[in-house]
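Student: I'd like to ask you about the structure that follows.
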Amino acid sequence: MSTLNYIMKRILQIIPVMIIVTILIFFMIRLIPGDPVTVLLGEKATPEMVKLLTIKMGLDKPIYIQYLFFMKGLVTFDLGNSLHYKIPVFDLINKRFVVTITLTFFTVIFSALISFVTGYMAGLKKDKIEDQIIRMGALVALSMPQFWVGLILLIAFAVKINIFPVGGWGTTWPEHLRAIILPAFTQSLMTAALLARNLRNGVVDTLKMDFVDFARSKGLDERSVKRDHIIRNALISYITLLSMRMAYMLGGSIIIEKVFALPGIGALMIDSIYSRDYAVIQAVVIIFAVIVITINILTDIAYSFLDPRVKLD
Amino acid sequence: MSKINIDAKNTIDISLSNNKKTPLLKRSMSINVGAVMVSIMLVFAIFPNLIATHNPTDIDFGAMLQAPSSEHYFGTDNYGRDIFSRVVYSTRIDLTIGVIATIVPLIVGTILGLLAGYYGRWIDTILMRTLDVFMAFPFMVLVIAIVAVLGPGINNVYIAIWLVGWKYYARLVRSKVLVIKNSEYIQAAKVLGYSDARIILRHILPNAISSAIVFAASDVVMCMLAAASLSFLGLGVQPPTPEWGSIIADGRAYISTAWWITAFPGLFLVIAGTGFSLFGDGLSDLIRTKGR
């Protein structure tokens, strides 16, 4: 199958998945106990007010009509109004999106930096002391709760030594950058550990390949053997894993944003759960799903370019 | 679909299974150290009353926010409760959560993976499309969304993790079954006229389950961390029940004055998690050596 056909097929495959995802979220959110109209109006609402708002919000219509309205809103970027903030959900998310994206961006950078150095070294020094320390470090990093690591870093670098702010996002870009370092570092540890393990094993496996021996026996100097043969081959699964982890980071950002008081969409989701603001919850979950589906497909496509041995079907 | 099946959880398994030539001594080392760490945690979980120095829920306003001392090993919180005792008593609930949250998806996912992999056709199509939908959500996002719908509380955390966790096992077992199904001994069993049930249970399951069990050992850690995160957010174990995640949440307001409330429960989480990870690491090596 040609690459173009493959890409088209993958994109067409999203449509049914997206429809089921929206149905799932739509009905799941409506299972939440408690009537949104009563939540919105509070305890003192008169029956007339409740009835009026129910009609206004379309809640008197059959559920499938409500779903169609919901879908119509989705494709026109009208995600409804937040019950709690009384503004359109789209505006609410729009503002906070940049925080989450910045966090994810720096997490990716930190993860790549840490894991590349450690994973590559561990792979070259297989079973030596460096390798053992790095592998043990990766194992511990995978067992650490992110919210705890975040708080410990806050205690160390914001309370005891006052280098970073104790949470918050600031108002200017220099402040934003200073605020994002600790949370991004915290979040990168787990991904860095996974990536370092992956790269280490990739390097170890590649070192065993005949083409590496061949490159050496051709008389290539050690540096170009490493650069052109070992790293390039080990990087294929490394990059795939990194992009897959980006989807995972969005989930992790929910907790990290709460720990560091960052006003991102993850923190918005949690706050909306507390205030039962379900228009916001469903919008955030759908946005997460859209991003993840997009990343997965881009990864599949990138993988087929990176590794010509992958059979497309 | 392309043939890429890498994601966060699977990778643990992939990277484990690549450490093939570990020397024998180190192999037994990691399983031994892991077993010791898990055993210590088990002792804490089974006999908290023998180890704890105070009642974990006793409020003592005369001893609020005290630093670690010989009276209170890990200090006290804002209600004067003894952190050491609270941390020790939490062990049982946290380990239980990790194990229960892992076992149900292990069983359900394995059964679904076996059926889909063995019978293929529409069963497989339905499973794979369902997996596509579940894979569209980051693990924590879906778990939190489900807890949001069901309401906070530990039982709902179980349900949420069960609803989401099976997908990893189903995918793992299915891919194993697809390979095993075409092997000669399964063909032979079919020629001999064995029933499907017998082939699946006696011939495929024993060969397919090992990787799922290895994954489960690291999944216990993931589930424990996920449940602690939910408790930290106030969606899991509810106060005053001591739980590592919720104690850390208690300490959050006092990070500038009383770091010990936050630090110690997390340390226990790390020790328990590292223990299970080492144990799983060693287990995977053991199973692989036996298999060869």
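Every chain in the structure tokens has a letter given in the order shown (A, B, ...), and although residue numbers restart at 1 in each chain, ligands are simply numbered from 1 in the order shown.
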Counting only C-alpha atoms, which residues from chain A have an atom at most 6 Å from any atom of chain B, and could you show them as a list in words?

Tutor: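 Close enough to count are Val17, Ile32, Val140, Ser143, Met144, Pro145, Trp148, Val159, Asn198, Met244, Tyr248, Gly251, Ile273, Ala289, Val292, Ile293 and Leu312 of chain A.
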
Student: Name the residues of region 31-247 of chain B that fall into alpha helix (DSSP H) according to DSSP on the backbone, using the chain letters and numbers of this document, as a PyMOL selection string.

Tutor: chain B and resi 31-46+48-51+83-119+121-135+139-150+154-181+184-191+196-198+205-232+244-247

Student: At a cut-off of 7 Å, using only C-alpha atoms, what residues contact Leu53 (chain A)? Leave out same-chain residues fewer than 4 positions from it and give the result as a list in words.

Tutor: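 Once the nearby chain positions are removed, what remains is Val37, Met49 and Met57 of chain A.
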
Student: Near Asn94 (chain A), within 12 Å and counting only C-alpha atoms, which residues show up once chain neighbours fewer than 3 positions away are dropped, as a PDB file with C-alpha atoms, in the first residue's frame?

Tutor:
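The resulting file, selection_7.pdb, is reproduced below:
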```
ATOM      1  CA  PHE A  77     -16.348  25.485  17.926  1.00  0.00           C
ATOM      2  CA  LEU A  79     -18.703  24.413  23.232  1.00  0.00           C
ATOM      3  CA  ILE A  87     -18.571  32.739  29.808  1.00  0.00           C
ATOM      4  CA  PRO A  88     -18.291  30.593  26.666  1.00  0.00           C
ATOM      5  CA  VAL A  89     -16.245  27.436  27.316  1.00  0.00           C
ATOM      6  CA  PHE A  90     -14.245  28.124  24.166  1.00  0.00           C
ATOM      7  CA  ASP A  91     -12.916  31.421  25.568  1.00  0.00           C
ATOM      8  CA  PHE A  97      -4.437  26.302  26.403  1.00  0.00           C
ATOM      9  CA  VAL A  98      -1.160  28.186  26.099  1.00  0.00           C
ATOM     10  CA  VAL A  99      -0.218  27.199  29.669  1.00  0.00           C
ATOM     11  CA  THR A 100      -0.718  23.488  29.026  1.00  0.00           C
ATOM     12  CA  ILE A 101       1.055  23.655  25.671  1.00  0.00           C
ATOM     13  CA  PRO A 263      -3.970  27.884  35.171  1.00  0.00           C
ATOM     14  CA  GLY A 264      -3.930  25.250  32.402  1.00  0.00           C
ATOM     15  CA  ILE A 265      -6.753  23.120  31.001  1.00  0.00           C
ATOM     16  CA  LEU A 268      -9.557  23.686  34.774  1.00  0.00           C
ATOM     17  CA  VAL A 280     -16.300  22.467  30.704  1.00  0.00           C
ATOM     18  CA  ALA A 283     -15.065  20.106  26.374  1.00  0.00           C
ATOM     19  CA  VAL A 284     -11.709  19.426  28.054  1.00  0.00           C
ATOM     20  CA  ILE A 287      -9.984  18.306  23.431  1.00  0.00           C
TER      21      ILE A 287
END
```

Student: Would you pick out the contacts of region 45-51 of chain B at 12 Å or less, using only C-alpha atoms, so that residues sharing its chain but fewer than 3 positions from it are not included, and give the list as a ChimeraX atom specification?

Tutor: /B:38-42,54-56,73,84-97,242-243,268,272

Student: Put those residues in a file: C-alpha atoms, as a compact mmCIF listing (two decimals), in the first residue's frame.

Tutor:
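Here's the written file out.txt:
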```
# COMPACT_ATOMS: atom_id res chain seq x y z
CA VAL B 38 7.80 -5.61 49.28
CA SER B 39 7.98 -7.88 52.36
CA ILE B 40 8.77 -4.96 54.65
CA MET B 41 5.78 -3.14 53.19
CA LEU B 42 3.63 -6.26 53.70
CA HIS B 54 0.19 6.37 68.06
CA ASN B 55 -3.40 6.02 66.92
CA PRO B 56 -3.38 7.36 63.32
CA TYR B 73 9.41 10.01 64.35
CA PHE B 84 4.65 8.04 61.31
CA SER B 85 1.58 6.17 62.52
CA ARG B 86 -0.57 7.58 59.74
CA VAL B 87 2.00 6.57 57.14
CA VAL B 88 2.28 3.05 58.59
CA TYR B 89 -1.49 2.60 58.69
CA SER B 90 -1.76 3.84 55.10
CA THR B 91 0.38 0.96 53.85
CA ARG B 92 -2.48 -1.53 53.98
CA ILE B 93 -4.93 0.59 52.03
CA ASP B 94 -2.38 1.66 49.42
CA LEU B 95 -1.08 -1.85 48.75
CA THR B 96 -4.63 -3.20 48.64
CA ILE B 97 -5.58 -0.55 46.10
CA PRO B 242 -4.97 7.72 56.34
CA GLU B 243 -3.68 7.20 52.80
CA PHE B 268 6.96 5.26 51.44
CA ALA B 272 6.79 0.42 47.80
```

Student: What is the distance, in Å and to one decimal place, between CA of Ala179 (chain A) and CA of Ala253 (chain B)?

Tutor: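 For CA of Ala179 (chain A) relative to CA of Ala253 (chain B), the distance reads 18.9 Å.
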
Student: Tell me, in Å to one decimal, how far CA of Gln187 (chain A) is from CA of Thr104 (chain A).

Tutor: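 Going from CA of Gln187 (chain A) over to CA of Thr104 (chain A), I get 8.7 Å.
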
Student: With only C-alpha atoms as the counted atoms, please give the residues lying no more than 7 Å from Val214 (chain B), apart from itself and same-chain residues fewer than 6 positions off, as a ChimeraX atom specification.

Tutor: /B:280,283-284

Student: Within 6 Å of Thr191 (chain A), counting only C-alpha atoms, which residues show up once you throw out same-chain ones fewer than 3 positions away? Write them as a PDB file with all heavy atoms, in the first residue's frame, please.

Tutor:
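The resulting result.pdb:
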```
ATOM      1  N   SER A 111      12.671  16.002  28.936  1.00  0.00           N
ATOM      2  CA  SER A 111      12.704  14.539  28.819  1.00  0.00           C
ATOM      3  C   SER A 111      13.755  14.115  27.803  1.00  0.00           C
ATOM      4  O   SER A 111      14.536  13.200  28.045  1.00  0.00           O
ATOM      5  CB  SER A 111      11.361  13.984  28.359  1.00  0.00           C
ATOM      6  OG  SER A 111      10.322  14.508  29.097  1.00  0.00           O
ATOM      7  N   SER A 188       8.866  15.692  33.505  1.00  0.00           N
ATOM      8  CA  SER A 188       9.731  15.026  32.531  1.00  0.00           C
ATOM      9  C   SER A 188      10.404  13.789  33.105  1.00  0.00           C
ATOM     10  O   SER A 188      10.825  12.916  32.348  1.00  0.00           O
ATOM     11  CB  SER A 188      10.793  16.004  32.025  1.00  0.00           C
ATOM     12  OG  SER A 188      11.734  16.254  33.036  1.00  0.00           O
ATOM     13  N   LEU A 194      11.550   6.363  31.055  1.00  0.00           N
ATOM     14  CA  LEU A 194      11.105   5.415  30.028  1.00  0.00           C
ATOM     15  C   LEU A 194      11.957   5.534  28.768  1.00  0.00           C
ATOM     16  O   LEU A 194      12.375   4.538  28.180  1.00  0.00           O
ATOM     17  CB  LEU A 194       9.641   5.687  29.670  1.00  0.00           C
ATOM     18  CG  LEU A 194       8.599   5.231  30.670  1.00  0.00           C
ATOM     19  CD1 LEU A 194       7.240   5.795  30.296  1.00  0.00           C
ATOM     20  CD2 LEU A 194       8.536   3.714  30.698  1.00  0.00           C
TER      21      LEU A 194
END
```

Student: Can you tell me how far CA of Ile180 (chain A) sits from CA of Leu142 (chain A), in Å to one decimal?

Tutor: 21.5 Å

Student: Select, from B:Thr57, B:Ser211, B:Ser175, B:Gln238, the residue with the minimum atom-to-atom distance to Leu115 (chain B), counting only C-alpha atoms.

Tutor: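 Answer, going by the shortest atom-to-atom distance: B:Ser175.
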